[in-house]
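Structure below is model_19.cif: mmCIF, C-alpha atoms.
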```
data_my_file
#
loop_
_atom_site.group_PDB
_atom_site.id
_atom_site.type_symbol
_atom_site.label_atom_id
_atom_site.label_comp_id
_atom_site.auth_asym_id
_atom_site.auth_seq_id
_atom_site.Cartn_x
_atom_site.Cartn_y
_atom_site.Cartn_z
ATOM 1 C CA MET A 1 -1.122 33.038 122.461
ATOM 2 C CA ALA A 2 2.615 32.770 122.735
ATOM 3 C CA ARG A 3 4.427 29.510 122.104
ATOM 4 C CA MET A 4 7.756 29.767 123.841
ATOM 5 C CA LYS A 5 10.637 28.346 121.806
ATOM 6 C CA PHE A 6 14.403 28.460 121.566
ATOM 7 C CA LEU A 7 16.269 28.934 118.311
ATOM 8 C CA CYS A 8 20.047 28.771 117.968
ATOM 9 C CA ASP A 9 21.697 30.433 115.007
ATOM 10 C CA ALA A 10 24.626 28.148 114.105
ATOM 11 C CA GLU A 11 26.145 30.917 111.968
ATOM 12 C CA ARG A 12 26.532 33.100 115.043
ATOM 13 C CA CYS A 13 27.306 30.673 117.871
ATOM 14 C CA ILE A 14 30.961 30.968 118.873
ATOM 15 C CA GLU A 15 30.932 28.142 121.429
ATOM 16 C CA CYS A 16 31.637 30.499 124.307
ATOM 17 C CA ASN A 17 29.372 28.479 126.638
ATOM 18 C CA GLY A 18 28.006 31.717 128.068
ATOM 19 C CA CYS A 19 24.486 30.257 127.865
ATOM 20 C CA VAL A 20 25.566 27.175 129.824
ATOM 21 C CA THR A 21 27.189 29.305 132.498
ATOM 22 C CA ALA A 22 24.242 31.699 132.671
ATOM 23 C CA CYS A 23 21.836 28.804 133.127
ATOM 24 C CA LYS A 24 23.889 27.146 135.825
ATOM 25 C CA ASN A 25 24.342 30.398 137.697
ATOM 26 C CA GLU A 26 20.779 31.649 137.382
ATOM 27 C CA ASN A 27 19.182 28.381 138.465
ATOM 28 C CA GLU A 28 21.958 27.157 140.756
ATOM 29 C CA VAL A 29 22.006 23.826 138.949
ATOM 30 C CA PRO A 30 23.960 21.174 140.878
ATOM 31 C CA TRP A 31 27.182 19.548 139.750
ATOM 32 C CA GLY A 32 26.732 16.915 137.088
ATOM 33 C CA VAL A 33 23.550 18.428 135.698
ATOM 34 C CA ASN A 34 23.625 20.577 132.594
ATOM 35 C CA ARG A 35 20.277 21.875 131.526
ATOM 36 C CA ARG A 36 21.935 23.434 128.476
ATOM 37 C CA ARG A 37 24.937 22.295 126.442
ATOM 38 C CA VAL A 38 26.821 23.599 123.451
ATOM 39 C CA VAL A 39 27.287 20.930 120.784
ATOM 40 C CA THR A 40 29.989 21.378 118.136
ATOM 41 C CA ILE A 41 30.281 19.436 114.903
ATOM 42 C CA ASN A 42 33.346 19.285 112.639
ATOM 43 C CA ASP A 43 35.421 20.565 115.532
ATOM 44 C CA GLY A 44 38.688 22.045 114.274
ATOM 45 C CA VAL A 45 37.812 21.783 110.600
ATOM 46 C CA VAL A 46 38.313 25.241 109.152
ATOM 47 C CA GLY A 47 35.136 26.596 107.635
ATOM 48 C CA ALA A 48 33.049 23.594 108.579
ATOM 49 C CA GLU A 49 32.915 23.920 112.343
ATOM 50 C CA LYS A 50 29.460 24.713 113.631
ATOM 51 C CA SER A 51 28.164 25.002 117.164
ATOM 52 C CA ILE A 52 24.664 24.978 118.489
ATOM 53 C CA SER A 53 23.283 25.440 121.975
ATOM 54 C CA VAL A 54 20.844 22.705 122.967
ATOM 55 C CA ALA A 55 18.419 22.360 125.867
ATOM 56 C CA CYS A 56 14.801 21.340 126.223
ATOM 57 C CA MET A 57 13.049 22.483 123.057
ATOM 58 C CA HIS A 58 9.640 22.614 124.757
ATOM 59 C CA CYS A 59 8.149 20.447 122.043
ATOM 60 C CA SER A 60 4.589 21.065 120.929
ATOM 61 C CA ASP A 61 3.946 17.304 121.136
ATOM 62 C CA ALA A 62 6.524 16.408 123.747
ATOM 63 C CA PRO A 63 7.597 12.730 123.808
ATOM 64 C CA CYS A 64 8.642 13.027 127.464
ATOM 65 C CA MET A 65 5.031 13.821 128.345
ATOM 66 C CA ALA A 66 3.831 10.836 126.358
ATOM 67 C CA VAL A 67 6.085 8.263 128.010
ATOM 68 C CA CYS A 68 6.007 9.463 131.621
ATOM 69 C CA PRO A 69 4.438 6.651 133.679
ATOM 70 C CA VAL A 70 3.372 8.962 136.494
ATOM 71 C CA ASP A 71 2.205 11.867 134.280
ATOM 72 C CA CYS A 72 4.291 14.451 136.058
ATOM 73 C CA PHE A 73 4.635 16.708 132.975
ATOM 74 C CA TYR A 74 2.410 19.586 132.063
ATOM 75 C CA LYS A 75 2.438 22.351 129.510
ATOM 76 C CA THR A 76 1.765 25.951 130.437
ATOM 77 C CA GLU A 77 -0.462 28.239 128.410
ATOM 78 C CA ASP A 78 2.704 29.665 126.872
ATOM 79 C CA GLY A 79 3.805 26.271 125.575
ATOM 80 C CA VAL A 80 6.501 25.672 128.196
ATOM 81 C CA VAL A 81 6.920 22.004 129.166
ATOM 82 C CA LEU A 82 7.360 21.688 132.940
ATOM 83 C CA HIS A 83 7.194 18.869 135.436
ATOM 84 C CA ASP A 84 6.413 18.224 139.072
ATOM 85 C CA LYS A 85 9.478 16.908 140.886
ATOM 86 C CA ASP A 86 7.367 15.740 143.810
ATOM 87 C CA LEU A 87 5.733 13.255 141.458
ATOM 88 C CA CYS A 88 8.771 12.245 139.399
ATOM 89 C CA ILE A 89 10.109 8.782 140.224
ATOM 90 C CA GLY A 90 13.391 9.209 138.330
ATOM 91 C CA CYS A 91 12.737 6.244 136.042
ATOM 92 C CA GLY A 92 14.553 7.808 133.090
ATOM 93 C CA TYR A 93 11.924 7.046 130.410
ATOM 94 C CA CYS A 94 11.823 10.714 129.450
ATOM 95 C CA PHE A 95 15.587 10.662 128.901
ATOM 96 C CA TYR A 96 15.251 7.810 126.411
ATOM 97 C CA ALA A 97 12.302 9.454 124.680
ATOM 98 C CA CYS A 98 13.823 12.920 124.322
ATOM 99 C CA PRO A 99 15.685 13.394 121.014
ATOM 100 C CA PHE A 100 17.726 16.250 122.519
ATOM 101 C CA GLY A 101 18.913 14.593 125.737
ATOM 102 C CA ALA A 102 17.284 17.360 127.733
ATOM 103 C CA PRO A 103 16.218 15.441 130.849
ATOM 104 C CA GLN A 104 19.084 15.219 133.314
ATOM 105 C CA PHE A 105 19.398 13.135 136.449
ATOM 106 C CA PRO A 106 21.474 14.210 139.420
ATOM 107 C CA GLN A 107 23.630 11.394 140.728
ATOM 108 C CA ALA A 108 24.603 11.278 144.364
ATOM 109 C CA GLY A 109 25.973 8.752 146.794
ATOM 110 C CA ALA A 110 28.551 6.020 146.477
ATOM 111 C CA PHE A 111 26.538 4.044 143.933
ATOM 112 C CA GLY A 112 25.505 6.915 141.688
ATOM 113 C CA LEU A 113 21.893 6.874 142.830
ATOM 114 C CA ARG A 114 19.708 8.439 140.175
ATOM 115 C CA GLY A 115 17.671 11.323 141.477
ATOM 116 C CA LYS A 116 14.615 13.075 140.170
ATOM 117 C CA MET A 117 14.667 14.469 136.670
ATOM 118 C CA ASP A 118 15.903 18.007 136.104
ATOM 119 C CA LYS A 119 15.597 19.933 132.872
ATOM 120 C CA CYS A 120 15.358 23.387 131.350
ATOM 121 C CA THR A 121 12.231 25.167 132.564
ATOM 122 C CA PHE A 122 12.475 28.083 130.114
ATOM 123 C CA CYS A 123 13.168 29.954 133.348
ATOM 124 C CA ALA A 124 9.508 29.450 134.260
ATOM 125 C CA GLY A 125 9.992 27.626 137.555
ATOM 126 C CA GLY A 126 7.583 24.849 138.434
ATOM 127 C CA PRO A 127 4.337 24.067 140.202
ATOM 128 C CA GLU A 128 5.384 25.655 143.478
ATOM 129 C CA ALA A 129 4.374 29.170 144.451
ATOM 130 C CA ASP A 130 5.991 31.621 142.053
ATOM 131 C CA ARG A 131 9.275 33.178 143.249
ATOM 132 C CA SER A 132 9.161 31.060 146.411
ATOM 133 C CA GLU A 133 12.157 29.419 148.036
ATOM 134 C CA ALA A 134 10.679 25.975 147.345
ATOM 135 C CA GLU A 135 10.330 26.784 143.646
ATOM 136 C CA PHE A 136 13.865 28.098 143.386
ATOM 137 C CA SER A 137 15.432 25.137 145.159
ATOM 138 C CA LYS A 138 13.604 22.603 143.012
ATOM 139 C CA TYR A 139 13.332 24.260 139.622
ATOM 140 C CA GLY A 140 15.411 27.410 139.653
ATOM 141 C CA ARG A 141 14.527 30.984 138.932
ATOM 142 C CA ASN A 142 11.118 31.966 137.565
ATOM 143 C CA ARG A 143 12.106 34.767 135.212
ATOM 144 C CA LEU A 144 8.889 34.655 133.197
ATOM 145 C CA SER A 145 6.991 35.711 136.310
ATOM 146 C CA GLU A 146 9.378 38.671 136.495
ATOM 147 C CA GLY A 147 8.602 39.671 132.911
ATOM 148 C CA LYS A 148 11.932 38.420 131.606
ATOM 149 C CA LEU A 149 13.108 35.841 129.102
ATOM 150 C CA PRO A 150 15.406 32.882 129.893
ATOM 151 C CA ALA A 151 18.831 33.905 131.137
ATOM 152 C CA CYS A 152 20.692 31.873 128.486
ATOM 153 C CA ALA A 153 19.075 33.734 125.599
ATOM 154 C CA GLU A 154 19.326 37.145 127.205
ATOM 155 C CA MET A 155 22.993 36.589 128.108
ATOM 156 C CA CYS A 156 24.046 35.358 124.661
ATOM 157 C CA SER A 157 26.778 37.723 123.525
ATOM 158 C CA THR A 158 26.311 37.201 119.787
ATOM 159 C CA LYS A 159 22.555 36.765 120.071
ATOM 160 C CA ALA A 160 22.928 33.365 118.450
ATOM 161 C CA LEU A 161 20.516 31.901 120.960
ATOM 162 C CA LEU A 162 17.079 33.418 120.716
ATOM 163 C CA GLY A 163 14.252 32.657 123.119
ATOM 164 C CA GLY A 164 10.646 33.713 123.242
ATOM 165 C CA ASP A 165 7.472 33.455 121.247
ATOM 166 C CA GLY A 166 8.121 31.207 118.263
ATOM 167 C CA ASP A 167 6.694 33.721 115.785
ATOM 168 C CA VAL A 168 8.869 36.582 117.057
ATOM 169 C CA VAL A 169 12.005 34.431 117.209
ATOM 170 C CA ALA A 170 11.385 33.112 113.701
ATOM 171 C CA ASP A 171 10.911 36.658 112.396
ATOM 172 C CA ILE A 172 14.269 37.750 113.861
ATOM 173 C CA TYR A 173 16.005 34.737 112.353
ATOM 174 C CA ARG A 174 14.304 35.143 108.984
ATOM 175 C CA GLU A 175 15.434 38.762 108.768
ATOM 176 C CA ARG A 176 19.013 37.707 109.487
ATOM 177 C CA VAL A 177 18.968 35.021 106.831
ATOM 178 C CA LEU A 178 17.609 37.401 104.231
ATOM 179 C CA ARG A 179 20.285 39.958 105.064
ATOM 180 C CA ARG A 180 22.992 37.341 104.776
ATOM 181 C CA GLY A 181 21.870 36.688 101.247
ATOM 182 C CA LYS A 182 21.641 32.979 101.746
ATOM 183 C CA GLY A 183 18.462 31.200 100.862
ATOM 184 C CA SER A 184 17.352 27.617 100.920
ATOM 185 C CA GLU A 185 20.786 26.257 101.823
ATOM 186 C CA VAL A 186 20.460 27.889 105.233
ATOM 187 C CA TRP A 187 16.841 27.254 106.046
ATOM 188 C CA GLY A 188 13.714 25.947 104.450
ATOM 189 C CA TRP A 189 13.333 23.225 101.867
ATOM 190 C CA GLY A 190 17.014 22.640 101.165
ATOM 191 C CA THR A 191 17.898 22.163 104.804
ATOM 192 C CA ALA A 192 14.994 19.862 105.490
ATOM 193 C CA TYR A 193 15.161 17.669 102.395
ATOM 194 C CA GLY A 194 18.626 18.220 100.907
ATOM 195 C CA PRO A 195 19.613 20.063 97.770
ATOM 196 C CA GLY A 196 18.425 17.296 95.409
ATOM 197 C CA ALA A 197 19.837 16.908 91.914
ATOM 198 C CA PRO A 198 22.472 19.462 90.804
ATOM 199 C CA GLY A 199 20.770 22.496 89.390
ATOM 200 C CA ALA A 200 17.368 21.443 90.607
ATOM 201 C CA GLN A 201 15.201 24.203 91.999
ATOM 202 C CA PRO A 202 13.230 23.732 95.204
ATOM 203 C CA PRO A 203 9.484 23.864 94.725
ATOM 204 C CA ALA A 204 7.917 27.297 94.983
ATOM 205 C CA ALA A 205 6.505 28.224 98.371
ATOM 206 C CA PRO A 206 2.729 28.273 98.577
ATOM 207 C CA GLN A 207 1.288 31.704 97.999
ATOM 208 C CA GLY A 208 -0.112 33.676 100.867
ATOM 209 C CA ARG A 209 1.861 31.873 103.556
ATOM 210 C CA LYS A 210 4.744 33.058 105.621
ATOM 211 C CA SER A 211 7.089 30.113 105.209
ATOM 212 C CA MET B 1 -34.647 -32.044 114.600
ATOM 213 C CA LYS B 2 -35.012 -28.334 115.126
ATOM 214 C CA GLY B 3 -32.951 -28.596 118.270
ATOM 215 C CA VAL B 4 -30.078 -30.247 116.416
ATOM 216 C CA LEU B 5 -30.267 -27.587 113.709
ATOM 217 C CA ALA B 6 -30.140 -24.845 116.315
ATOM 218 C CA VAL B 7 -27.092 -26.418 117.915
ATOM 219 C CA PHE B 8 -25.358 -26.610 114.524
ATOM 220 C CA MET B 9 -26.231 -22.995 113.793
ATOM 221 C CA ALA B 10 -24.889 -21.931 117.173
ATOM 222 C CA LEU B 11 -21.698 -23.869 116.581
ATOM 223 C CA ALA B 12 -21.318 -22.283 113.135
ATOM 224 C CA VAL B 13 -21.718 -18.780 114.571
ATOM 225 C CA LEU B 14 -19.275 -19.657 117.340
ATOM 226 C CA GLY B 15 -16.791 -20.935 114.785
ATOM 227 C CA LEU B 16 -17.099 -17.809 112.668
ATOM 228 C CA SER B 17 -16.349 -15.632 115.669
ATOM 229 C CA ALA B 18 -12.817 -17.023 115.630
ATOM 230 C CA CYS B 19 -12.343 -15.384 112.228
ATOM 231 C CA GLY B 20 -12.676 -11.926 113.757
ATOM 232 C CA GLU B 21 -9.568 -9.840 114.089
ATOM 233 C CA ARG B 22 -8.647 -8.016 117.207
ATOM 234 C CA GLU B 23 -6.632 -4.845 117.258
ATOM 235 C CA GLN B 24 -3.078 -5.880 118.065
ATOM 236 C CA VAL B 25 -1.711 -2.392 118.650
ATOM 237 C CA GLY B 26 -2.425 -0.703 121.910
ATOM 238 C CA GLU B 27 -4.295 2.548 121.603
ATOM 239 C CA PHE B 28 -2.258 5.501 122.799
ATOM 240 C CA LYS B 29 -4.028 7.563 125.381
ATOM 241 C CA ARG B 30 -2.484 10.761 126.524
ATOM 242 C CA GLY B 31 -2.099 10.830 130.239
ATOM 243 C CA LYS B 32 -3.379 13.626 132.390
ATOM 244 C CA TYR B 33 -1.143 15.669 134.601
ATOM 245 C CA GLN B 34 -1.307 14.339 138.122
ATOM 246 C CA GLY B 35 0.784 16.953 139.931
ATOM 247 C CA LYS B 36 0.164 20.227 141.665
ATOM 248 C CA PRO B 37 -1.503 23.085 139.785
ATOM 249 C CA ASP B 38 0.744 25.917 138.666
ATOM 250 C CA THR B 39 0.065 29.611 138.591
ATOM 251 C CA GLN B 40 0.435 31.811 135.542
ATOM 252 C CA PRO B 41 3.354 34.240 135.220
ATOM 253 C CA TRP B 42 1.011 37.196 134.781
ATOM 254 C CA SER B 43 -0.710 36.443 138.093
ATOM 255 C CA ASN B 44 2.318 37.976 139.835
ATOM 256 C CA ALA B 45 2.953 41.651 140.300
ATOM 257 C CA PRO B 46 6.073 43.103 138.661
ATOM 258 C CA LEU B 47 9.075 43.364 140.938
ATOM 259 C CA ALA B 48 9.414 46.775 142.516
ATOM 260 C CA TYR B 49 13.042 47.330 141.589
ATOM 261 C CA GLU B 50 12.744 46.078 138.009
ATOM 262 C CA ASN B 51 11.975 47.898 134.821
ATOM 263 C CA ALA B 52 9.233 45.458 133.849
ATOM 264 C CA LYS B 53 5.730 46.871 133.750
ATOM 265 C CA TRP B 54 2.426 45.029 133.537
ATOM 266 C CA THR B 55 -0.829 44.861 135.414
ATOM 267 C CA GLN B 56 -1.106 41.964 137.811
ATOM 268 C CA GLY B 57 -3.509 39.377 136.441
ATOM 269 C CA ASP B 58 -3.686 40.940 132.998
ATOM 270 C CA ARG B 59 -2.245 38.529 130.496
ATOM 271 C CA THR B 60 -2.233 40.982 127.606
ATOM 272 C CA SER B 61 -0.112 43.527 129.438
ATOM 273 C CA TRP B 62 2.314 40.777 130.509
ATOM 274 C CA GLU B 63 2.596 39.607 126.902
ATOM 275 C CA THR B 64 3.300 43.167 125.843
ATOM 276 C CA GLN B 65 6.135 43.283 128.376
ATOM 277 C CA ILE B 66 7.543 39.965 127.112
ATOM 278 C CA ARG B 67 7.213 41.113 123.494
ATOM 279 C CA ALA B 68 9.233 44.230 124.302
ATOM 280 C CA ARG B 69 11.837 42.042 125.925
ATOM 281 C CA GLN B 70 11.905 39.796 122.860
ATOM 282 C CA SER B 71 12.451 42.689 120.522
ATOM 283 C CA TRP B 72 15.648 43.555 122.414
ATOM 284 C CA GLN B 73 17.106 40.329 121.063
ATOM 285 C CA ASN B 74 17.005 41.836 117.603
ATOM 286 C CA GLU B 75 20.005 44.135 117.512
ATOM 287 C CA ARG B 76 18.796 45.840 114.328
ATOM 288 C CA THR B 77 15.651 47.189 115.937
ATOM 289 C CA ARG B 78 17.469 47.790 119.227
ATOM 290 C CA ALA B 79 20.070 49.937 117.519
ATOM 291 C CA ALA B 80 17.326 51.997 115.905
ATOM 292 C CA GLN B 81 15.720 52.773 119.278
#
```
Can the structure from this file be put into structure tokens for me?
Amino acid sequence: MARMKFLCDAERCIECNGCVTACKNENEVPWGVNRRRVVTINDGVVGAEKSISVACMHCSDAPCMAVCPVDCFYKTEDGVVLHDKDLCIGCGYCFYACPFGAPQFPQAGAFGLRGKMDKCTFCAGGPEADRSEAEFSKYGRNRLSEGKLPACAEMCSTKALLGGDGDVVADIYRERVLRRGKGSEVWGWGTAYGPGAPGAQPPAAPQGRKS
Amino acid sequence: MKGVLAVFMALAVLGLSACGEREQVGEFKRGKYQGKPDTQPWSNAPLAYENAKWTQGDRTSWETQIRARQSWQNERTRAAQ
């Protein structure tokens, strides 16, 4: 069973915002709502600038699902977190709960009225009939039902942003890292827990496991 | 006499019940989705003008199509094709 995930390779992302544009175009996202954003750290610092493309990460144990007071979230069999806009009350709890700032709220009117929540759907639409006008107007394009991957990942010019089954995406990324010749400082123990004392070696990976 | 003893015993049991401790933390219960049911991506037929190929309703063939699409993201294998 596939578990759909995004992975952004910070070594490859060139902050072109092609993924943001592709998402907005493909799903006709309204003004003021960005389902995907490119975040840059150390901007302008030579050698230290890194960019990463962020959207809904379709968490395995999604906090937005846990806090929603009207239970409008659901998870598809492919691990995509979706929601029913007809049920959403626009309370904003999911926005506070999400560590990635994925839930977005369209604001309209003179007083900035907060509308119903909008977020990345992994280009999987919503609980309306697939490929219908109602689904497109509420949730955007349903590319998964067309046998395609999300537009942001497929449009990425440097293939920094990868989307798809977590195992496949991780395999592509792992191969890249091995070819680069960088080890734990790029991914794995060192990234998660820091390098530790100078000269200290990270503990050996358990035998018989992938990572 | 027995009646007084019974009352004292009842009072003692009642007093001990105050020593019990109640759970102060609310138990988290995952909510259940209340919205409309959704269909699966593989329940649709492939678009006529697209290159995608799978059998409508067959999840395995749809996953094969998606896996092929995923492999195109790896430029090393794509270049070898």
**Message:** I'd like the residues picked by the PyMOL selection byres ((chain B) within 9 of (chain A)) written out as a VMD selection string, using the chain letters and numbers from the file.
**Reply:** chain B and resid 28 to 47 50 52 to 54 62 to 63 65 to 67 69 to 75
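Distances from A:Val39, A:Cys94, A:Cys120, A:Cys56 to Lys138 in chain A were compared using all atoms listed in the file, and the smallest one belongs to A:Cys120.
With CA of Arg37 in chain A on one side and CA of Cys19 in chain A on the other, the separation reads 8.1 Å.
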The distance between CA of Trp31 in chain A and CA of Cys98 in chain A is 21.5 Å
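Counting from CA of Glu28 in chain A, the distance to CA of Pro103 in chain A is 16.4 Å.
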Which protein, DNA or RNA residues have an atom at most 12 Å from (34.0, 27.7, 110.5), counting only C-alpha atoms? List them as a tab-separated table (two decimals) with C-alpha atoms, keeping the file's coordinate frame.
```tsv
chain	number	residue	atom	x	y	z
A	10	ALA	CA	24.63	28.15	114.10
A	11	GLU	CA	26.14	30.92	111.97
A	12	ARG	CA	26.53	33.10	115.04
A	13	CYS	CA	27.31	30.67	117.87
A	14	ILE	CA	30.96	30.97	118.87
A	15	GLU	CA	30.93	28.14	121.43
A	40	THR	CA	29.99	21.38	118.14
A	41	ILE	CA	30.28	19.44	114.90
A	42	ASN	CA	33.35	19.28	112.64
A	43	ASP	CA	35.42	20.56	115.53
A	44	GLY	CA	38.69	22.04	114.27
A	45	VAL	CA	37.81	21.78	110.60
A	46	VAL	CA	38.31	25.24	109.15
A	47	GLY	CA	35.14	26.60	107.64
A	48	ALA	CA	33.05	23.59	108.58
A	49	GLU	CA	32.92	23.92	112.34
A	50	LYS	CA	29.46	24.71	113.63
A	51	SER	CA	28.16	25.00	117.16
```
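For the file at hand, the PyMOL selection byres ((chain A and resi 115) around 12) resolves to Pro30, Gly32, Val33, Lys85, Asp86, Cys88, Ile89, Gly90, Cys91, Gly92, Pro103, Gln104, Phe105, Pro106, Gln107, Ala108, Gly109, Phe111, Gly112, Leu113, Arg114, Lys116, Met117 and Asp118 of chain A.
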To verify the selection step, state as a ChimeraX atom specification which residues the PyMOL selection byres ((chain A and resi 100) around 10) yields on this input.
/A:54-57,95-99,101-103
Set up a box along x, y and z of the file covering all listed atoms of range 39-49 of chain B, add 4 Å on every one of the six sides, and write the centre and edge lengths in Å to one decimal, as AutoDock Vina command-line options.
```
--center_x 6.2 --center_y 38.5 --center_z 138.6 --size_x 21.8 --size_y 25.7 --size_z 15.7
```
